[in-house]
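Next comes protein_33.txt, with compact mmCIF, C-alpha atoms.
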```
# COMPACT_ATOMS: atom_id res chain seq x y z
CA MET H 290 0.00 0.00 0.00
CA LEU H 291 2.84 2.34 0.96
CA VAL H 292 4.61 1.58 -2.34
CA TRP H 293 1.49 2.36 -4.40
CA GLY H 294 0.96 5.61 -2.43
CA PHE H 295 4.56 6.61 -3.11
CA GLY H 296 4.06 5.84 -6.81
CA VAL H 297 0.95 7.98 -6.99
CA VAL H 298 2.75 10.94 -5.39
CA LEU H 299 5.70 10.51 -7.76
CA ILE H 300 3.43 10.47 -10.84
CA LEU H 301 1.58 13.57 -9.57
CA VAL H 302 4.84 15.44 -9.02
CA LEU H 303 6.23 14.48 -12.44
CA SER H 304 2.95 15.48 -14.14
CA ALA H 305 3.04 18.87 -12.43
CA LYS H 306 6.74 19.44 -13.04
CA PRO H 307 7.79 17.49 -16.18
CA GLU H 308 10.87 19.67 -16.50
CA TRP H 309 12.26 17.92 -13.39
CA PHE H 310 12.22 14.66 -15.29
CA ASP H 311 13.89 16.30 -18.30
CA TRP H 312 16.61 17.50 -15.97
CA ALA H 313 17.06 13.96 -14.55
CA ALA H 314 17.28 12.49 -18.07
CA ASN H 315 19.84 15.11 -19.00
CA ALA H 316 21.89 14.36 -15.91
CA LEU H 317 21.89 10.64 -16.77
CA GLY H 318 22.87 11.33 -20.36
CA VAL H 319 19.54 10.22 -21.87
CA SER H 320 18.85 12.37 -24.93
CA TYR H 321 15.14 11.50 -25.19
CA PRO H 322 13.52 11.86 -21.69
CA PRO H 323 10.39 9.73 -22.43
CA SER H 324 12.75 6.74 -22.99
CA LEU H 325 13.95 7.09 -19.43
CA LEU H 326 10.34 7.24 -18.25
CA PHE H 327 9.48 3.98 -20.07
CA PHE H 328 12.70 2.32 -18.87
CA VAL H 329 12.07 3.22 -15.23
CA SER H 330 8.41 2.17 -15.36
CA THR H 331 9.35 -1.17 -17.02
CA MET H 332 11.94 -1.85 -14.32
CA ILE H 333 9.44 -1.03 -11.57
CA LEU H 334 6.84 -3.34 -13.12
CA LEU H 335 9.45 -6.10 -13.42
CA VAL H 336 10.30 -5.83 -9.74
CA VAL H 337 6.58 -5.81 -8.84
CA VAL H 338 5.95 -8.96 -10.92
CA LEU H 339 8.97 -10.71 -9.37
CA TYR H 340 7.78 -9.82 -5.89
CA GLN H 341 4.23 -11.00 -6.66
CA SER H 342 5.62 -14.26 -8.02
CA MET H 343 7.57 -14.81 -4.80
CA GLN H 344 4.44 -14.08 -2.78
CA ILE H 345 2.44 -16.57 -4.86
CA SER H 346 5.04 -19.26 -4.06
CA VAL H 347 4.80 -18.48 -0.36
CA LEU H 348 1.00 -18.58 -0.47
CA GLN H 349 1.00 -21.80 -2.52
CA ASN H 350 3.11 -23.41 0.14
CA LYS H 351 0.77 -22.22 2.87
CA VAL H 352 -2.28 -23.50 1.00
CA LYS H 353 -0.50 -26.84 0.55
CA GLN H 354 0.08 -27.07 4.28
CA ILE H 355 -3.54 -26.22 5.03
CA ALA H 356 -4.74 -28.83 2.53
CA GLN H 357 -2.47 -31.45 4.11
CA TYR H 358 -3.70 -30.52 7.56
CA ILE H 359 -7.35 -30.74 6.52
CA ALA H 360 -6.71 -34.11 4.88
CA ILE H 361 -4.93 -35.65 7.88
CA GLN H 362 -7.05 -34.17 10.65
CA PRO H 363 -10.02 -36.61 10.49
CA HIS H 364 -7.61 -39.54 10.86
CA LEU H 365 -6.11 -38.31 14.09
CA THR H 366 -8.58 -39.38 16.70
CA GLU H 367 -6.45 -38.64 19.72
CA SER H 368 -5.97 -34.95 20.51
CA SER H 369 -2.26 -35.48 21.16
CA ASP H 370 -1.89 -36.92 17.62
CA ALA H 371 -3.40 -33.79 16.11
CA GLN H 372 -0.97 -31.55 17.94
CA LYS H 373 2.02 -33.54 16.76
CA ILE H 374 1.31 -32.42 13.19
CA VAL H 375 2.30 -28.87 14.05
CA THR H 376 4.82 -29.87 16.71
CA ILE H 377 7.00 -32.14 14.67
CA PRO H 378 10.26 -33.24 16.34
CA VAL H 379 13.26 -31.52 14.85
CA TYR H 380 16.69 -33.09 14.55
CA THR H 381 19.90 -31.15 14.99
CA GLU H 382 22.10 -33.52 13.02
CA THR H 383 20.92 -32.31 9.65
CA TRP H 384 22.48 -29.42 7.81
CA ALA H 385 19.42 -27.26 7.39
CA GLU H 386 18.67 -27.29 11.07
CA THR H 387 21.76 -25.30 11.96
CA ALA H 388 21.13 -22.97 9.04
CA VAL H 389 17.63 -22.26 10.31
CA SER H 390 16.81 -18.61 9.90
CA ALA H 391 15.71 -16.27 12.65
CA ASP H 392 12.40 -16.01 10.82
CA ASP H 393 12.00 -19.76 10.96
CA GLU H 394 12.83 -19.86 14.66
CA SER H 395 10.31 -17.16 15.53
CA GLU H 396 7.66 -19.06 13.57
CA MET H 397 8.43 -22.23 15.50
CA ALA H 398 8.31 -20.26 18.74
CA SER H 399 4.90 -18.80 17.91
CA GLU H 400 3.61 -22.30 17.07
CA SER H 401 4.92 -23.46 20.41
CA GLU H 402 3.19 -20.62 22.23
CA ASN H 403 -0.12 -21.40 20.54
CA GLU H 404 0.10 -25.02 21.52
CA SER H 405 1.12 -24.33 25.09
CA GLU H 406 -2.27 -22.70 25.59
CA THR H 407 -3.86 -26.14 25.34
CA ASN H 408 -1.83 -27.33 28.35
CA ASP H 409 -1.62 -30.84 26.96
CA PRO H 410 0.95 -32.90 28.90
CA ASN H 411 1.46 -35.20 25.88
CA LEU H 412 2.75 -32.36 23.75
CA GLU H 413 6.15 -32.95 22.19
CA SER H 414 8.80 -30.28 22.50
CA THR H 415 9.61 -28.10 19.50
CA THR H 416 13.17 -27.68 20.68
CA PRO H 417 15.77 -29.78 18.89
CA GLU H 418 16.44 -33.12 20.49
CA MET C 89 2.38 -45.61 19.87
CA GLN C 90 1.13 -47.90 17.12
CA LYS C 91 1.20 -51.67 17.26
CA ASN C 92 3.07 -51.79 13.97
CA ARG C 93 6.33 -49.94 13.61
CA PHE C 94 6.14 -49.79 9.81
CA LEU C 95 3.86 -47.71 7.64
CA ILE C 96 3.61 -48.36 3.91
CA ILE C 97 2.72 -45.15 2.06
CA LEU C 98 1.17 -45.24 -1.40
CA PRO C 99 0.74 -41.84 -3.04
CA ALA C 100 -2.01 -42.28 -5.65
CA TYR C 101 -3.32 -39.99 -8.35
CA HIS C 102 -5.85 -41.32 -10.87
CA GLU C 103 -4.98 -44.94 -10.08
CA GLU C 104 -8.45 -46.52 -9.87
CA LYS C 105 -7.42 -49.28 -12.29
CA ASN C 106 -4.17 -50.20 -10.50
CA ILE C 107 -4.72 -49.50 -6.82
CA GLY C 108 -7.05 -52.49 -6.34
CA HIS C 109 -4.45 -55.06 -7.53
CA VAL C 110 -1.67 -53.34 -5.64
CA LEU C 111 -3.54 -53.25 -2.34
CA ARG C 112 -4.82 -56.83 -2.78
CA ASP C 113 -1.20 -57.99 -3.21
CA LEU C 114 -0.01 -56.00 -0.20
CA VAL C 115 -2.84 -56.98 2.14
CA ALA C 116 -2.57 -60.66 1.18
CA ARG C 117 1.03 -60.78 2.40
CA ARG C 118 0.04 -59.75 5.94
CA PHE C 119 3.13 -57.66 6.60
CA GLN C 120 3.66 -56.35 10.10
CA ALA C 121 2.89 -52.91 8.73
CA ASP C 122 0.00 -50.52 8.38
CA ILE C 123 -0.91 -49.23 4.94
CA LEU C 124 -1.69 -45.63 4.09
CA VAL C 125 -3.02 -44.53 0.70
CA VAL C 126 -2.66 -40.81 0.05
CA ASN C 127 -5.21 -40.00 -2.64
CA ASP C 128 -3.76 -36.85 -4.17
CA GLY C 129 -6.97 -35.18 -5.33
CA SER C 130 -7.89 -37.87 -7.88
CA LEU C 131 -11.08 -37.19 -9.82
CA ASP C 132 -11.66 -40.90 -10.44
CA ARG C 133 -12.59 -43.70 -7.99
CA THR C 134 -9.10 -44.14 -6.49
CA ALA C 135 -10.18 -43.33 -2.92
CA GLU C 136 -13.36 -45.40 -3.25
CA VAL C 137 -11.47 -48.49 -4.46
CA ALA C 138 -8.76 -48.08 -1.80
CA GLY C 139 -11.46 -47.69 0.85
CA THR C 140 -12.67 -51.25 0.24
CA PHE C 141 -9.40 -52.59 1.71
CA PRO C 142 -8.29 -52.56 5.36
CA VAL C 143 -6.08 -49.52 4.86
CA THR C 144 -6.16 -45.86 5.86
CA VAL C 145 -7.06 -43.50 3.02
CA ILE C 146 -6.19 -39.82 3.27
CA SER C 147 -7.59 -37.65 0.47
CA HIS C 148 -6.16 -34.27 -0.49
CA PRO C 149 -8.86 -31.74 -1.38
CA TYR C 150 -7.06 -31.06 -4.69
CA ASN C 151 -3.99 -32.30 -6.55
CA LEU C 152 -0.95 -31.14 -4.57
CA GLY C 153 1.75 -33.19 -6.29
CA TYR C 154 3.71 -36.39 -5.65
CA GLY C 155 6.06 -34.80 -3.11
CA ALA C 156 3.21 -33.24 -1.15
CA ALA C 157 1.43 -36.61 -1.07
CA LEU C 158 4.57 -38.21 0.35
CA GLN C 159 4.89 -35.41 2.88
CA THR C 160 1.30 -35.93 4.00
CA GLY C 161 2.29 -39.54 4.65
CA TYR C 162 5.34 -38.37 6.60
CA LYS C 163 3.21 -36.03 8.72
CA TYR C 164 0.75 -38.82 9.43
CA ALA C 165 3.61 -41.20 10.35
CA VAL C 166 5.12 -38.63 12.72
CA ALA C 167 1.76 -37.95 14.38
CA LYS C 168 1.06 -41.66 14.80
CA GLY C 169 4.56 -42.47 16.04
CA TYR C 170 5.73 -44.90 13.36
CA GLU C 171 9.43 -45.79 13.37
CA PHE C 172 9.83 -46.56 9.69
CA ILE C 173 7.98 -45.87 6.50
CA ILE C 174 8.14 -47.51 3.11
CA GLN C 175 7.22 -45.58 -0.03
CA PHE C 176 5.48 -47.84 -2.51
CA ASP C 177 4.07 -46.83 -5.90
CA ALA C 178 0.34 -47.26 -6.46
CA ASP C 179 0.75 -48.04 -10.17
CA GLY C 180 1.73 -51.69 -9.70
CA GLN C 181 5.37 -51.10 -10.64
CA HIS C 182 6.82 -52.24 -7.32
CA HIS C 183 6.74 -55.81 -6.09
CA PRO C 184 5.54 -56.53 -2.52
CA ASP C 185 8.11 -59.35 -2.24
CA ASP C 186 10.82 -56.68 -1.94
CA LEU C 187 9.33 -55.19 1.20
CA PRO C 188 10.61 -57.78 3.73
CA LYS C 189 14.19 -57.08 2.58
CA ILE C 190 13.71 -53.35 3.03
CA MET C 191 12.14 -53.89 6.45
CA GLN C 192 15.05 -56.12 7.52
CA GLU C 193 17.61 -53.53 6.44
CA LEU C 194 15.80 -50.74 8.29
CA GLU C 195 15.51 -52.83 11.45
CA LYS C 196 19.28 -53.20 11.57
CA LYS C 197 19.30 -49.44 12.33
CA ASP C 198 22.64 -48.90 10.63
CA VAL C 199 20.98 -47.16 7.69
CA ASP C 200 18.56 -44.25 7.28
CA ILE C 201 17.34 -44.77 3.71
CA VAL C 202 16.99 -48.08 1.90
CA MET C 203 16.38 -47.81 -1.84
CA GLY C 204 15.10 -50.57 -4.08
CA SER C 205 17.17 -50.60 -7.26
CA ARG C 206 15.80 -52.16 -10.43
CA TYR C 207 19.32 -52.12 -11.90
CA LEU C 208 20.84 -54.29 -9.17
CA ASP C 209 18.24 -56.94 -9.93
CA ASP C 210 19.82 -59.44 -12.36
CA SER C 211 16.56 -61.10 -13.36
CA GLY C 212 16.19 -58.47 -16.09
CA THR C 213 12.44 -58.12 -15.76
CA PHE C 214 12.52 -54.34 -16.10
CA ARG C 215 13.14 -52.87 -19.54
CA ALA C 216 13.53 -49.10 -19.48
CA GLY C 217 13.21 -46.93 -22.58
CA ALA C 218 16.08 -44.94 -24.11
CA VAL C 219 14.97 -41.60 -22.65
CA LYS C 220 14.56 -43.14 -19.22
CA MET C 221 18.01 -44.76 -19.37
CA PHE C 222 19.56 -41.49 -20.46
CA GLY C 223 17.99 -39.78 -17.44
CA VAL C 224 19.15 -42.53 -15.09
CA HIS C 225 22.77 -42.33 -16.36
CA PHE C 226 22.66 -38.54 -16.17
CA PHE C 227 21.55 -38.49 -12.54
CA ARG C 228 23.85 -41.39 -11.59
CA GLY C 229 26.80 -39.39 -12.90
CA LEU C 230 25.68 -36.20 -11.23
CA ILE C 231 25.26 -37.90 -7.84
CA ARG C 232 28.66 -39.61 -8.21
CA VAL C 233 30.39 -36.31 -9.03
CA LEU C 234 28.69 -34.28 -6.30
CA THR C 235 28.71 -36.82 -3.44
CA GLY C 236 31.15 -39.57 -4.42
CA VAL C 237 28.42 -42.14 -3.73
CA ARG C 238 27.35 -44.66 -6.36
CA ILE C 239 23.56 -44.88 -6.66
CA THR C 240 22.39 -47.18 -9.45
CA ASP C 241 18.72 -46.21 -9.44
CA PRO C 242 18.39 -42.56 -8.41
CA THR C 243 14.77 -42.25 -9.59
CA SER C 244 13.50 -45.28 -7.68
CA GLY C 245 10.31 -44.55 -5.76
CA LEU C 246 10.64 -47.71 -3.66
CA ARG C 247 12.27 -46.49 -0.47
CA GLY C 248 12.37 -47.39 3.17
CA ILE C 249 12.99 -44.42 5.45
CA SER C 250 13.74 -44.15 9.13
CA ARG C 251 12.01 -41.73 11.48
CA ARG C 252 15.16 -39.61 11.67
CA VAL C 253 14.74 -38.75 7.98
CA PHE C 254 10.98 -38.54 7.51
CA SER C 255 10.41 -36.41 10.61
CA TYR C 256 12.83 -33.87 9.14
CA TYR C 257 11.11 -33.78 5.75
CA ALA C 258 7.63 -33.67 7.29
CA VAL C 259 8.17 -30.02 8.18
CA ARG C 260 6.71 -27.31 5.93
CA ASP C 261 8.59 -26.77 2.64
CA ARG C 262 11.52 -29.13 3.23
CA LEU C 263 10.19 -31.54 0.63
CA PRO C 264 9.33 -30.18 -2.84
CA ALA C 265 5.64 -30.53 -3.67
CA ASP C 266 6.24 -31.95 -7.15
CA PHE C 267 9.19 -34.35 -7.60
CA PRO C 268 11.51 -34.93 -4.64
CA ASP C 269 14.02 -37.10 -6.47
CA ALA C 270 17.75 -36.83 -7.20
CA ASP C 271 18.00 -33.36 -5.65
CA ILE C 272 16.67 -34.53 -2.31
CA LEU C 273 18.77 -37.69 -2.54
CA ILE C 274 21.92 -35.57 -2.98
CA GLN C 275 20.85 -33.37 -0.08
CA GLN C 276 20.32 -36.47 2.06
CA ILE C 277 23.73 -37.94 1.21
CA LEU C 278 25.48 -34.61 1.83
CA SER C 279 23.57 -34.33 5.14
CA ASN C 280 25.21 -37.61 6.20
CA TYR C 281 22.09 -39.73 6.09
CA ARG C 282 23.15 -43.31 5.45
CA VAL C 283 21.77 -44.57 2.13
CA ARG C 284 21.84 -48.20 0.98
CA GLU C 285 20.54 -49.84 -2.19
CA ILE C 286 19.15 -53.33 -2.44
CA PRO C 287 18.02 -55.21 -5.58
CA ALA C 288 14.32 -54.82 -6.32
CA HIS C 289 12.01 -56.29 -8.94
CA MET C 290 10.03 -53.73 -10.86
CA ARG C 291 7.36 -54.11 -13.50
CA MET C 292 6.03 -51.77 -16.11
CA ARG C 293 2.90 -49.96 -14.91
CA GLU C 294 -0.28 -51.96 -15.48
CA GLU C 295 -2.86 -49.30 -16.44
CA GLY C 296 -3.07 -45.55 -16.90
CA VAL C 297 -0.43 -42.98 -17.73
CA SER C 298 2.87 -42.46 -15.91
CA MET C 299 3.60 -39.03 -14.46
CA HIS C 300 6.80 -39.15 -16.57
CA ALA C 301 5.08 -39.76 -19.92
CA GLY C 302 5.72 -37.95 -23.23
CA LEU C 303 8.13 -35.02 -23.21
CA LYS C 304 7.89 -34.76 -19.45
CA PRO C 305 11.19 -36.66 -18.82
CA LEU C 306 13.17 -33.87 -20.51
CA LEU C 307 11.40 -31.14 -18.57
CA TYR C 308 11.81 -33.25 -15.46
CA MET C 309 15.57 -33.55 -16.02
CA LEU C 310 15.89 -29.79 -16.43
CA LYS C 311 13.85 -29.12 -13.34
CA VAL C 312 15.71 -31.62 -11.17
CA SER C 313 19.07 -30.34 -12.47
CA LEU C 314 18.10 -26.84 -11.38
CA ALA C 315 16.95 -28.20 -8.00
CA ILE C 316 20.30 -30.03 -7.63
CA PHE C 317 22.14 -26.78 -8.39
CA MET C 318 20.12 -25.05 -5.64
CA VAL C 319 20.83 -27.88 -3.18
CA VAL C 320 24.58 -27.63 -3.85
CA LEU C 321 24.47 -23.86 -3.36
CA GLN C 322 22.55 -24.28 -0.08
CA MET C 323 25.00 -26.91 1.16
CA ARG C 324 27.97 -24.65 0.39
CA LYS C 325 26.28 -21.77 2.18
CA TRP C 326 25.58 -24.02 5.16
CA LYS C 327 29.19 -25.25 5.25
CA ARG C 328 30.39 -21.64 5.19
CA VAL C 329 28.03 -20.74 8.04
CA THR C 330 29.11 -23.68 10.20
CA SER C 331 32.83 -23.10 9.50
CA PHE C 332 32.55 -19.68 11.17
CA GLU C 333 30.98 -21.14 14.31
```
Structure rendered as structure tokens:
Amino acid sequence: MLVWGFGVVLILVLSAKPEWFDWAANALGVSYPPSLLFFVSTMILLVVVLYQSMQISVLQNKVKQIAQYIAIQPHLTESSDAQKIVTIPVYTETWAETAVSADDESEMASESENESETNDPNLESTTPE
Amino acid sequence: MQKNRFLIILPAYHEEKNIGHVLRDLVARRFQADILVVNDGSLDRTAEVAGTFPVTVISHPYNLGYGAALQTGYKYAVAKGYEFIIQFDADGQHHPDDLPKIMQELEKKDVDIVMGSRYLDDSGTFRAGAVKMFGVHFFRGLIRVLTGVRITDPTSGLRGISRRVFSYYAVRDRLPADFPDADILIQQILSNYRVREIPAHMRMREEGVSMHAGLKPLLYMLKVSLAIFMVVLQMRKWKRVTSFE
């Protein structure tokens, strides 16, 4: 939202003062200022599309996890079974575990907090064994 | 904790014509193992046919992909406390007689992944096409170069896996949703999981279309090669990170 707002302000300013853009093109050595305008807008759109594509991948992965959860849930009759899906034991021996990002760790921590509210004594620990 | 320590996972997508024979063969052998069919959003009667056998059937609400179906099985196995799982194809390609050997190897506990190799089997019952053989040689070479380990059948779907491995890959996006094959195998070898191959009998699929039909093998090779490249980059990054610690 902030990015779009910034874009709107920028377009308004350039529309009001097109000579500013001519000056910028001149400073960059671009002889035809509209070319710079098209180049900059194409680059911005490229970055936006790349970002959207990354977001789609993230969302796809989340939808996959939800679908898996919905599929497994009816087969887990015991409440402790159901909680183990989100509280999967983690092993330290593997390479990716030590390379776990801070983001990843905070996510695991928030999962742990959510589960601790249930006060289930059968709950497995999220900390590495 | 379950009575059985083994769980046989069959990811199935549009396999209504094969799944019946496959499950009949498996159930008839009375293995000390539970059977889980993961119906990956099939639009045919796969789940219905599988439901007529004494097995657990988990159905995805839509088609998530082979890797996601396997991961659903991993999640289920973790939640139910199984010690070992065996991945078995639902298309009738794998032979149930190979399962006891895989179970024996896993029970020795000196190995994390047991792979059934159709190329170690000297009975010669499996005849692969030229494109398939090209792919197999390509990935064999790549694995040899990158890990120093000789794997004869890198695309084999018949695998026995210990809890140490499947509980790791049950988490979020650690297993690709589409084809977790040579790239994941390389990652596993480089992560010091112990991999062993045993001879396995494999047949050509009985009915339906393989997920590697047509031009798909070439696209598949490109995709897996890119995934392998990413795995190698990640491993190097990880080694750099740990060397500073």
Note to self: as JSON, numbers by chain, could you give me every residue of chain C near chain H (at most 7 Å apart, counting all atoms listed in the file)?
What the structure shows: {"C": [146, 147, 148, 149, 152, 160, 163, 164, 167, 168, 255, 256, 259, 260, 261, 279, 326]}
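Nearest-residue note for Tyr308 (chain C): choosing from C:Glu285, C:Asp179, C:Asp271, C:Asp186, the minimum distance belongs to C:Asp271, counting only C-alpha atoms.
Note that the spacing between CA of Ile174 (chain C) and CA of Met203 (chain C) amounts to 9.6 Å.
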Show me, as a PDB file with C-alpha atoms, in the coordinates of the input, the residues that have an atom within 6 Å of region 95-104 of chain C when counting all atoms listed in the file, minus same-chain residues fewer than 2 positions from it.
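So the final result, stored in result27.pdb, reads:
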```pdb
ATOM      1  CA  ASN C 106      -4.170 -50.200 -10.500  1.00  0.00           C
ATOM      2  CA  ILE C 107      -4.720 -49.500  -6.820  1.00  0.00           C
ATOM      3  CA  ALA C 121       2.890 -52.910   8.730  1.00  0.00           C
ATOM      4  CA  ASP C 122       0.000 -50.520   8.380  1.00  0.00           C
ATOM      5  CA  ILE C 123      -0.910 -49.230   4.940  1.00  0.00           C
ATOM      6  CA  LEU C 124      -1.690 -45.630   4.090  1.00  0.00           C
ATOM      7  CA  VAL C 125      -3.020 -44.530   0.700  1.00  0.00           C
ATOM      8  CA  VAL C 126      -2.660 -40.810   0.050  1.00  0.00           C
ATOM      9  CA  ASN C 127      -5.210 -40.000  -2.640  1.00  0.00           C
ATOM     10  CA  ASP C 128      -3.760 -36.850  -4.170  1.00  0.00           C
ATOM     11  CA  SER C 130      -7.890 -37.870  -7.880  1.00  0.00           C
ATOM     12  CA  ASP C 132     -11.660 -40.900 -10.440  1.00  0.00           C
ATOM     13  CA  ARG C 133     -12.590 -43.700  -7.990  1.00  0.00           C
ATOM     14  CA  THR C 134      -9.100 -44.140  -6.490  1.00  0.00           C
ATOM     15  CA  ALA C 157       1.430 -36.610  -1.070  1.00  0.00           C
ATOM     16  CA  ILE C 173       7.980 -45.870   6.500  1.00  0.00           C
ATOM     17  CA  ILE C 174       8.140 -47.510   3.110  1.00  0.00           C
ATOM     18  CA  GLN C 175       7.220 -45.580  -0.030  1.00  0.00           C
ATOM     19  CA  PHE C 176       5.480 -47.840  -2.510  1.00  0.00           C
ATOM     20  CA  ASP C 177       4.070 -46.830  -5.900  1.00  0.00           C
ATOM     21  CA  ALA C 178       0.340 -47.260  -6.460  1.00  0.00           C
TER      22      ALA C 178
END
```
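Between CA of His109 (chain C) and CA of Leu131 (chain C) lies a distance of 19.2 Å.
Taking CA of Phe226 (chain C) as the reference point, CA of Lys189 (chain C) is found at 27.7 Å.
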Item checked: All residues 12 Å or closer to Phe317 (chain C), all atoms listed in the file, same chain fewer than 4 positions away omitted, as a PyMOL selection string -> chain C and resi 230-231+234+270-272+274-275+310-313+321-324
Output file for the selection above: C-alpha atoms, as a PDB file, keeping the file's coordinate frame:
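The resulting file, part-v4.pdb, is reproduced below:
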```
ATOM      1  CA  LEU C 230      25.680 -36.200 -11.230  1.00  0.00           C
ATOM      2  CA  ILE C 231      25.260 -37.900  -7.840  1.00  0.00           C
ATOM      3  CA  LEU C 234      28.690 -34.280  -6.300  1.00  0.00           C
ATOM      4  CA  ALA C 270      17.750 -36.830  -7.200  1.00  0.00           C
ATOM      5  CA  ASP C 271      18.000 -33.360  -5.650  1.00  0.00           C
ATOM      6  CA  ILE C 272      16.670 -34.530  -2.310  1.00  0.00           C
ATOM      7  CA  ILE C 274      21.920 -35.570  -2.980  1.00  0.00           C
ATOM      8  CA  GLN C 275      20.850 -33.370  -0.080  1.00  0.00           C
ATOM      9  CA  LEU C 310      15.890 -29.790 -16.430  1.00  0.00           C
ATOM     10  CA  LYS C 311      13.850 -29.120 -13.340  1.00  0.00           C
ATOM     11  CA  VAL C 312      15.710 -31.620 -11.170  1.00  0.00           C
ATOM     12  CA  SER C 313      19.070 -30.340 -12.470  1.00  0.00           C
ATOM     13  CA  LEU C 321      24.470 -23.860  -3.360  1.00  0.00           C
ATOM     14  CA  GLN C 322      22.550 -24.280  -0.080  1.00  0.00           C
ATOM     15  CA  MET C 323      25.000 -26.910   1.160  1.00  0.00           C
ATOM     16  CA  ARG C 324      27.970 -24.650   0.390  1.00  0.00           C
TER      17      ARG C 324
END
```
If I wrap all listed atoms of region 228-239 of chain C in a box with edges along x, y and z and add 3 Å on each side, what are its centre and edge lengths in Å to one decimal, as AutoDock Vina command-line options?
```
--center_x 27.4 --center_y -39.6 --center_z -8.2 --size_x 13.6 --size_y 16.6 --size_z 15.5
```
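In this comparison, which uses all atoms listed in the file, the residue of C:Thr243, C:Asn280, C:Thr235, C:Ser205 approaching Pro268 (chain C) most closely is C:Thr243.
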